[in-house]
Each structure stands twice: as C-alpha cells, then as structure tokens.
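Everything below belongs to entry_31.cif, which stores mmCIF, C-alpha atoms.
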data_run
#
loop_
_atom_site.group_PDB
_atom_site.id
_atom_site.type_symbol
_atom_site.label_atom_id
_atom_site.label_comp_id
_atom_site.auth_asym_id
_atom_site.auth_seq_id
_atom_site.Cartn_x
_atom_site.Cartn_y
_atom_site.Cartn_z
ATOM 1 C CA ILE A 1476 -13.799 34.592 -2.787
ATOM 2 C CA LYS A 1477 -13.816 31.066 -4.157
ATOM 3 C CA GLY A 1478 -12.425 32.327 -7.453
ATOM 4 C CA PHE A 1479 -9.454 34.003 -5.785
ATOM 5 C CA ALA A 1480 -8.852 30.981 -3.534
ATOM 6 C CA THR A 1481 -8.843 28.692 -6.580
ATOM 7 C CA TYR A 1482 -6.467 31.073 -8.375
ATOM 8 C CA PHE A 1483 -3.974 31.113 -5.492
ATOM 9 C CA LYS A 1484 -4.177 27.355 -5.103
ATOM 10 C CA GLN A 1485 -3.201 26.943 -8.735
ATOM 11 C CA ARG A 1486 -0.508 29.632 -8.581
ATOM 12 C CA TYR A 1487 1.282 28.386 -5.460
ATOM 13 C CA GLN A 1488 1.286 24.673 -6.135
ATOM 14 C CA ASP A 1489 4.814 24.252 -4.751
ATOM 15 C CA VAL A 1490 3.953 25.526 -1.261
ATOM 16 C CA ASP A 1491 2.075 22.888 0.735
ATOM 17 C CA GLU A 1492 0.954 25.332 3.435
ATOM 18 C CA ASP A 1493 -0.551 27.696 0.856
ATOM 19 C CA GLN A 1494 -2.240 24.777 -0.889
ATOM 20 C CA GLN A 1495 -3.834 23.680 2.367
ATOM 21 C CA THR A 1496 -4.976 27.211 3.214
ATOM 22 C CA ALA A 1497 -6.533 27.687 -0.224
ATOM 23 C CA SER A 1498 -8.292 24.307 0.029
ATOM 24 C CA ILE A 1499 -9.798 25.288 3.385
ATOM 25 C CA MET A 1500 -10.989 28.598 1.941
ATOM 26 C CA ILE A 1501 -12.686 26.843 -0.983
ATOM 27 C CA GLN A 1502 -14.280 24.280 1.331
ATOM 28 C CA GLU A 1503 -15.623 26.939 3.683
ATOM 29 C CA VAL A 1504 -16.975 29.111 0.855
ATOM 30 C CA ASP A 1505 -18.863 26.075 -0.447
ATOM 31 C CA ARG A 1506 -20.245 25.448 3.043
ATOM 32 C CA LEU A 1507 -21.372 29.066 3.419
ATOM 33 C CA ASN A 1508 -23.003 28.885 0.001
ATOM 34 C CA ARG A 1509 -24.974 25.802 1.056
ATOM 35 C CA VAL A 1510 -26.091 27.420 4.308
ATOM 36 C CA VAL A 1511 -27.216 30.666 2.655
ATOM 37 C CA SER A 1512 -28.956 28.791 -0.176
ATOM 38 C CA GLN A 1513 -30.846 26.615 2.292
ATOM 39 C CA LEU A 1514 -31.831 29.612 4.422
ATOM 40 C CA LEU A 1515 -33.223 31.371 1.352
ATOM 41 C CA GLU A 1516 -35.018 28.215 0.226
ATOM 42 C CA PHE A 1517 -36.570 27.707 3.652
ATOM 43 C CA ALA A 1518 -37.734 31.332 3.928
ATOM 44 C CA ARG A 1519 -39.155 31.497 0.400
ATOM 45 C CA PRO A 1520 -42.808 30.448 -0.093
ATOM 46 C CA VAL A 1521 -42.988 27.084 -1.840
ATOM 47 C CA SER A 1522 -44.394 27.253 -5.358
ATOM 48 C CA ILE A 1523 -45.461 24.038 -7.081
ATOM 49 C CA SER A 1524 -45.752 23.666 -10.867
ATOM 50 C CA PRO A 1525 -47.127 20.207 -11.743
ATOM 51 C CA LYS A 1526 -46.378 18.852 -15.202
ATOM 52 C CA PRO A 1527 -46.798 15.389 -16.764
ATOM 53 C CA ALA A 1528 -43.831 13.194 -15.847
ATOM 54 C CA SER A 1529 -42.823 9.553 -16.043
ATOM 55 C CA ILE A 1530 -42.506 7.947 -12.607
ATOM 56 C CA SER A 1531 -39.636 5.689 -13.626
ATOM 57 C CA ASP A 1532 -37.740 8.581 -15.241
ATOM 58 C CA LEU A 1533 -38.349 10.782 -12.217
ATOM 59 C CA VAL A 1534 -36.858 8.238 -9.805
ATOM 60 C CA ALA A 1535 -33.984 7.393 -12.142
ATOM 61 C CA ASP A 1536 -33.094 11.078 -12.516
ATOM 62 C CA SER A 1537 -33.129 11.581 -8.753
ATOM 63 C CA VAL A 1538 -30.778 8.643 -8.231
ATOM 64 C CA LYS A 1539 -28.329 9.933 -10.850
ATOM 65 C CA LEU A 1540 -27.664 12.907 -8.560
ATOM 66 C CA ILE A 1541 -26.076 10.682 -5.916
ATOM 67 C CA GLU A 1542 -24.814 7.673 -7.904
ATOM 68 C CA GLN A 1543 -21.180 8.765 -7.831
ATOM 69 C CA GLN A 1544 -21.257 9.643 -4.138
ATOM 70 C CA ALA A 1545 -22.876 6.296 -3.346
ATOM 71 C CA ARG A 1546 -20.249 4.522 -5.430
ATOM 72 C CA ASP A 1547 -17.436 6.365 -3.653
ATOM 73 C CA SER A 1548 -18.950 5.364 -0.296
ATOM 74 C CA GLN A 1549 -19.480 1.760 -1.468
ATOM 75 C CA ILE A 1550 -23.232 2.079 -1.022
ATOM 76 C CA LYS A 1551 -25.482 -0.172 -3.100
ATOM 77 C CA ILE A 1552 -28.686 1.343 -4.557
ATOM 78 C CA ASP A 1553 -31.747 -0.854 -5.044
ATOM 79 C CA ILE A 1554 -34.797 0.591 -6.872
ATOM 80 C CA ARG A 1555 -38.075 -1.333 -6.765
ATOM 81 C CA ASP A 1556 -40.781 0.119 -8.982
ATOM 82 C CA ALA A 1557 -44.256 -1.341 -8.454
ATOM 83 C CA ALA A 1558 -46.161 1.632 -9.893
ATOM 84 C CA GLU A 1559 -49.468 0.734 -11.534
ATOM 85 C CA ILE A 1560 -49.647 4.029 -13.408
ATOM 86 C CA ASP A 1561 -47.142 5.344 -15.891
ATOM 87 C CA ARG A 1562 -47.293 9.137 -16.008
ATOM 88 C CA ILE A 1563 -48.399 11.582 -13.325
ATOM 89 C CA ASP A 1564 -48.868 15.317 -12.958
ATOM 90 C CA ILE A 1565 -46.233 16.456 -10.482
ATOM 91 C CA ASP A 1566 -43.464 19.021 -9.945
ATOM 92 C CA ALA A 1567 -40.546 16.678 -10.700
ATOM 93 C CA ASP A 1568 -37.863 19.252 -9.841
ATOM 94 C CA ARG A 1569 -39.331 19.869 -6.399
ATOM 95 C CA LEU A 1570 -39.734 16.156 -5.695
ATOM 96 C CA ASN A 1571 -36.128 15.573 -6.786
ATOM 97 C CA GLN A 1572 -35.090 18.180 -4.232
ATOM 98 C CA VAL A 1573 -36.945 16.265 -1.513
ATOM 99 C CA LEU A 1574 -35.445 12.925 -2.530
ATOM 100 C CA LEU A 1575 -31.936 14.360 -2.796
ATOM 101 C CA ASN A 1576 -32.050 15.604 0.804
ATOM 102 C CA ILE A 1577 -33.195 12.177 1.994
ATOM 103 C CA TYR A 1578 -30.607 10.319 -0.107
ATOM 104 C CA LEU A 1579 -27.750 12.457 1.203
ATOM 105 C CA ASN A 1580 -28.819 11.919 4.801
ATOM 106 C CA ALA A 1581 -29.025 8.173 4.160
ATOM 107 C CA ILE A 1582 -25.564 7.973 2.580
ATOM 108 C CA GLY A 1583 -24.098 10.005 5.421
ATOM 109 C CA ALA A 1584 -25.600 7.595 7.960
ATOM 110 C CA MET A 1585 -24.165 4.439 6.392
ATOM 111 C CA GLN A 1586 -20.820 2.686 6.472
ATOM 112 C CA PRO A 1587 -19.218 1.186 3.335
ATOM 113 C CA GLY A 1588 -21.272 -1.799 2.245
ATOM 114 C CA GLY A 1589 -24.583 -0.188 3.191
ATOM 115 C CA LYS A 1590 -27.720 -0.340 1.093
ATOM 116 C CA LEU A 1591 -30.053 2.416 -0.071
ATOM 117 C CA ARG A 1592 -33.422 1.027 -1.132
ATOM 118 C CA ILE A 1593 -36.113 3.006 -2.956
ATOM 119 C CA ASP A 1594 -39.602 1.506 -3.176
ATOM 120 C CA VAL A 1595 -42.021 3.211 -5.547
ATOM 121 C CA ALA A 1596 -45.754 2.556 -5.782
ATOM 122 C CA ALA A 1597 -48.410 4.553 -7.573
ATOM 123 C CA SER A 1598 -52.051 3.748 -8.059
ATOM 124 C CA ALA A 1599 -55.118 5.441 -9.494
ATOM 125 C CA GLY A 1600 -58.647 5.536 -8.199
ATOM 126 C CA GLY A 1601 -60.963 7.205 -10.681
ATOM 127 C CA GLU A 1602 -59.382 10.508 -11.737
ATOM 128 C CA THR A 1603 -56.850 10.709 -8.945
ATOM 129 C CA GLY A 1604 -54.472 8.451 -7.088
ATOM 130 C CA SER A 1605 -51.345 8.575 -4.995
ATOM 131 C CA LEU A 1606 -47.588 8.283 -5.357
ATOM 132 C CA ASP A 1607 -45.923 6.387 -2.515
ATOM 133 C CA ILE A 1608 -42.119 6.512 -2.235
ATOM 134 C CA ARG A 1609 -40.159 4.858 0.564
ATOM 135 C CA VAL A 1610 -36.448 5.482 0.993
ATOM 136 C CA SER A 1611 -34.729 3.050 3.360
ATOM 137 C CA ASP A 1612 -31.134 2.799 4.505
ATOM 138 C CA THR A 1613 -29.095 0.397 6.631
ATOM 139 C CA GLY A 1614 -27.416 3.174 8.560
ATOM 140 C CA CYS A 1615 -26.945 4.099 12.198
ATOM 141 C CA GLY A 1616 -30.597 5.039 12.697
ATOM 142 C CA ILE A 1617 -32.188 7.875 14.649
ATOM 143 C CA ALA A 1618 -32.742 7.864 18.395
ATOM 144 C CA GLN A 1619 -36.423 7.594 19.347
ATOM 145 C CA GLU A 1620 -36.323 10.881 21.260
ATOM 146 C CA ASP A 1621 -35.042 12.642 18.125
ATOM 147 C CA LEU A 1622 -37.626 11.277 15.685
ATOM 148 C CA PRO A 1623 -40.317 13.918 16.436
ATOM 149 C CA LYS A 1624 -37.761 16.661 15.727
ATOM 150 C CA VAL A 1625 -36.218 15.540 12.412
ATOM 151 C CA PHE A 1626 -38.379 17.928 10.346
ATOM 152 C CA ASP A 1627 -37.896 20.876 12.715
ATOM 153 C CA PRO A 1628 -35.880 23.797 11.303
ATOM 154 C CA TYR A 1629 -32.262 23.887 12.506
ATOM 155 C CA PHE A 1630 -32.438 20.486 14.220
ATOM 156 C CA THR A 1631 -29.402 18.403 13.311
ATOM 157 C CA THR A 1632 -27.162 15.803 14.916
ATOM 158 C CA LYS A 1633 -24.312 16.538 12.488
ATOM 159 C CA SER A 1634 -21.546 18.982 13.385
ATOM 160 C CA THR A 1635 -21.551 20.340 9.810
ATOM 161 C CA GLY A 1636 -25.308 20.213 9.184
ATOM 162 C CA THR A 1637 -27.660 23.185 8.953
ATOM 163 C CA GLY A 1638 -30.791 21.351 10.050
ATOM 164 C CA LEU A 1639 -32.708 22.745 7.090
ATOM 165 C CA GLY A 1640 -32.609 19.951 4.498
ATOM 166 C CA LEU A 1641 -35.442 17.867 5.930
ATOM 167 C CA ALA A 1642 -37.401 20.953 6.994
ATOM 168 C CA ILE A 1643 -37.350 22.131 3.371
ATOM 169 C CA ALA A 1644 -38.351 18.638 2.197
ATOM 170 C CA HIS A 1645 -41.293 18.678 4.622
ATOM 171 C CA ASN A 1646 -42.457 22.081 3.344
ATOM 172 C CA ILE A 1647 -42.306 20.939 -0.291
ATOM 173 C CA VAL A 1648 -44.258 17.729 0.345
ATOM 174 C CA GLU A 1649 -46.911 19.649 2.303
ATOM 175 C CA ALA A 1650 -47.194 22.185 -0.541
ATOM 176 C CA MET A 1651 -47.887 19.227 -2.844
ATOM 177 C CA GLY A 1652 -50.714 18.169 -0.537
ATOM 178 C CA GLY A 1653 -48.817 15.116 0.668
ATOM 179 C CA THR A 1654 -47.286 13.724 3.821
ATOM 180 C CA ILE A 1655 -43.788 12.672 4.825
ATOM 181 C CA ASP A 1656 -42.942 10.608 7.890
ATOM 182 C CA VAL A 1657 -40.047 8.594 9.235
ATOM 183 C CA GLU A 1658 -39.447 5.342 11.050
ATOM 184 C CA SER A 1659 -36.076 4.421 12.478
ATOM 185 C CA GLU A 1660 -34.232 2.072 14.786
ATOM 186 C CA VAL A 1661 -30.773 2.760 16.149
ATOM 187 C CA ASP A 1662 -28.094 0.597 14.477
ATOM 188 C CA ALA A 1663 -30.721 -0.895 12.138
ATOM 189 C CA GLY A 1664 -31.650 1.854 9.685
ATOM 190 C CA THR A 1665 -34.192 4.493 8.728
ATOM 191 C CA THR A 1666 -37.143 4.680 6.346
ATOM 192 C CA PHE A 1667 -38.693 7.880 5.035
ATOM 193 C CA ARG A 1668 -42.129 7.567 3.425
ATOM 194 C CA ILE A 1669 -43.572 10.169 1.068
ATOM 195 C CA VAL A 1670 -47.206 9.983 -0.040
ATOM 196 C CA ILE A 1671 -48.461 12.533 -2.571
ATOM 197 C CA PRO A 1672 -51.893 12.716 -4.231
ATOM 198 C CA VAL A 1673 -51.507 12.765 -8.010
ATOM 199 C CA VAL A 1674 -53.450 12.694 -11.226
ATOM 200 C CA GLY A 1675 -52.114 9.769 -13.233
ATOM 201 C CA LYS A 1676 -52.485 7.797 -16.422
ATOM 202 C CA GLN A 1677 -52.730 4.058 -15.973
ATOM 203 C CA LYS A 1678 -50.353 1.760 -17.780
ATOM 204 C CA GLU A 1679 -51.605 -0.109 -20.790
ATOM 205 C CA ASN A 1680 -53.359 -3.383 -19.998
ATOM 206 C CA ASP A 1681 -53.613 -2.458 -16.319
ATOM 207 C CA LYS A 1682 -56.977 -2.413 -14.590
ATOM 208 C CA PHE A 1683 -57.864 -0.937 -11.239
ATOM 209 C CA ASP A 1684 -60.403 -2.162 -8.750
#
What is this file in structure tokens?
Amino acid sequence: IKGFATYFKQRYQDVDEDQQTASIMIQEVDRLNRVVSQLLEFARPVSISPKPASISDLVADSVKLIEQQARDSQIKIDIRDAAEIDRIDIDADRLNQVLLNIYLNAIGAMQPGGKLRIDVAASAGGETGSLDIRVSDTGCGIAQEDLPKVFDPYFTTKSTGTGLGLAIAHNIVEAMGGTIDVESEVDAGTTFRIVIPVVGKQKENDKFD
C-alpha cells in the first residue's frame, strides 16, 4: 500500500489534492506498521542474548538513533558516564530498544530548548555488578495519578500513541533481571531509572571496595 501511495505521489506532483491524499496514505500506513509491530513485540516472549559490550559504545549508539530528531526539536542531549567498569555482558540490541522508547517519550514531552540527560553508572562487586541508567527530561511531566499506570499495556495520554512502548520496555528489563521505575513532576520533568545486574570487567587502574 505504501509503495503504491509513494508511486502516485510521485506521478501526480502537479495536483495538490492528490499529493495531500498520498501523503496521508503513507503516514497512516507507517502508523499501522508501528502499531502492528508493537503488538507483535508485546505478545512475543522476550528472549535475551547477552554478549560482551562496551558501556560507552552502547549508550552512544542508542543516542545516535534520536540525534537528528532531537536536533530538529532543538533538544540538547547531555551524557554523563560515571561507569567504573568498561565492558559488560548484556543484550545491547534489547537495551537500545528500551532506551529508544524512553528517549522518544522524552522528546515528545519537551518544548524546543529542552534537555535530555543520560546518567550512566556501572560498578562491580566480585564477579557481578549492576548497570544503572537514568534518563531525565525537562518536559511537561506525568500526573501523579498516572505514574502507577505508565508501564501498563495500552495506557497512553497521547492521541496517536499505542500505549505499548513502555510496556515492552518494562518486559525487556524484567527479562534481563532488572528493574525500571519512574519519577515525575508536572511541568518540571521526568526521570526513568533502569537498573540491570551485569557481569563486567573493571577498567584498568580501577579498584573496587
């Protein structure tokens, strides 16, 4: 359907009404694709495949997915990496999926000039440790009565939202053995915190208590 809509949009470039109709068709097909993809992702059992990954590369790669959108929305991104370990065993693709959902919600909640801050900490204790990621925005915030429902399937305050993005993120983090929670204040901003147990390799010259 999208292919035909794109074809007709290119073929009838001189007719504004046809251009608008084709654009709406393409936009709606993309929306349906997102909804169906999220429904399938939510219904499918979560499989986790941990592999050695660099924490700094993992966060940098996740941010690249939304850099252009943040730039277009005049949103500043601030990454603060205080990790005490270098590499960890984790499913980087799955964690990127979690972070992407949170980033997109944050950008959508902010006005031009807003700030998206990502704080990363990782520590080791013996053979295992934890990865702690906090994603904060300066957006409109979430009403206190809505906070307990943000990870519920199909709960959304957006007219175009499916209410599945954060539910999927919650399922992935739980499958990793971690936790995800949220703090928010209306007109002040929101912070999502992800804590995941990991096996990590300490950085050179670092010592742990």
Original post:
Which of these, A:Ile1608, A:Ile1647, A:Ile1501, A:Ala1597, has the shortest distance to A:Ile1554 once you count only C-alpha atoms?
Top reply: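 Among A:Ile1608, A:Ile1647, A:Ile1501, A:Ala1597, it is A:Ile1608 that comes nearest to A:Ile1554.
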Original post:
On this structure, which residues satisfy the PyMOL selection byres ((chain A and resi 1574) around 12), written as an MDAnalysis selection string?
Top reply: chainID A and resid 1533:1541 1567:1573 1575:1581 1593 1608:1611 1640:1641 1643:1645 1647:1648 1655 1667:1669
Original post:
Which protein, DNA or RNA residues are at most 12 Å from (-48.6, 4.9, -9.0) in the file's coordinates when you count all atoms listed in the file, listed as a PyMOL selection string?
Top reply: chain A and resi 1528-1531+1556-1565+1594-1600+1603-1608+1670-1678+1681+1683
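One distance worth recording is that between atom CA of A:Leu1514 and atom CA of A:Gln1543, which is 26.4 Å.
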Original post:
Hey, which of A:Gln1544, A:Ser1659, A:Gln1549, A:Gln1488 ends up closest to A:Pro1623? Count all atoms listed in the file.
Top reply: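 That would be A:Ser1659, the residue with the smallest distance to A:Pro1623.
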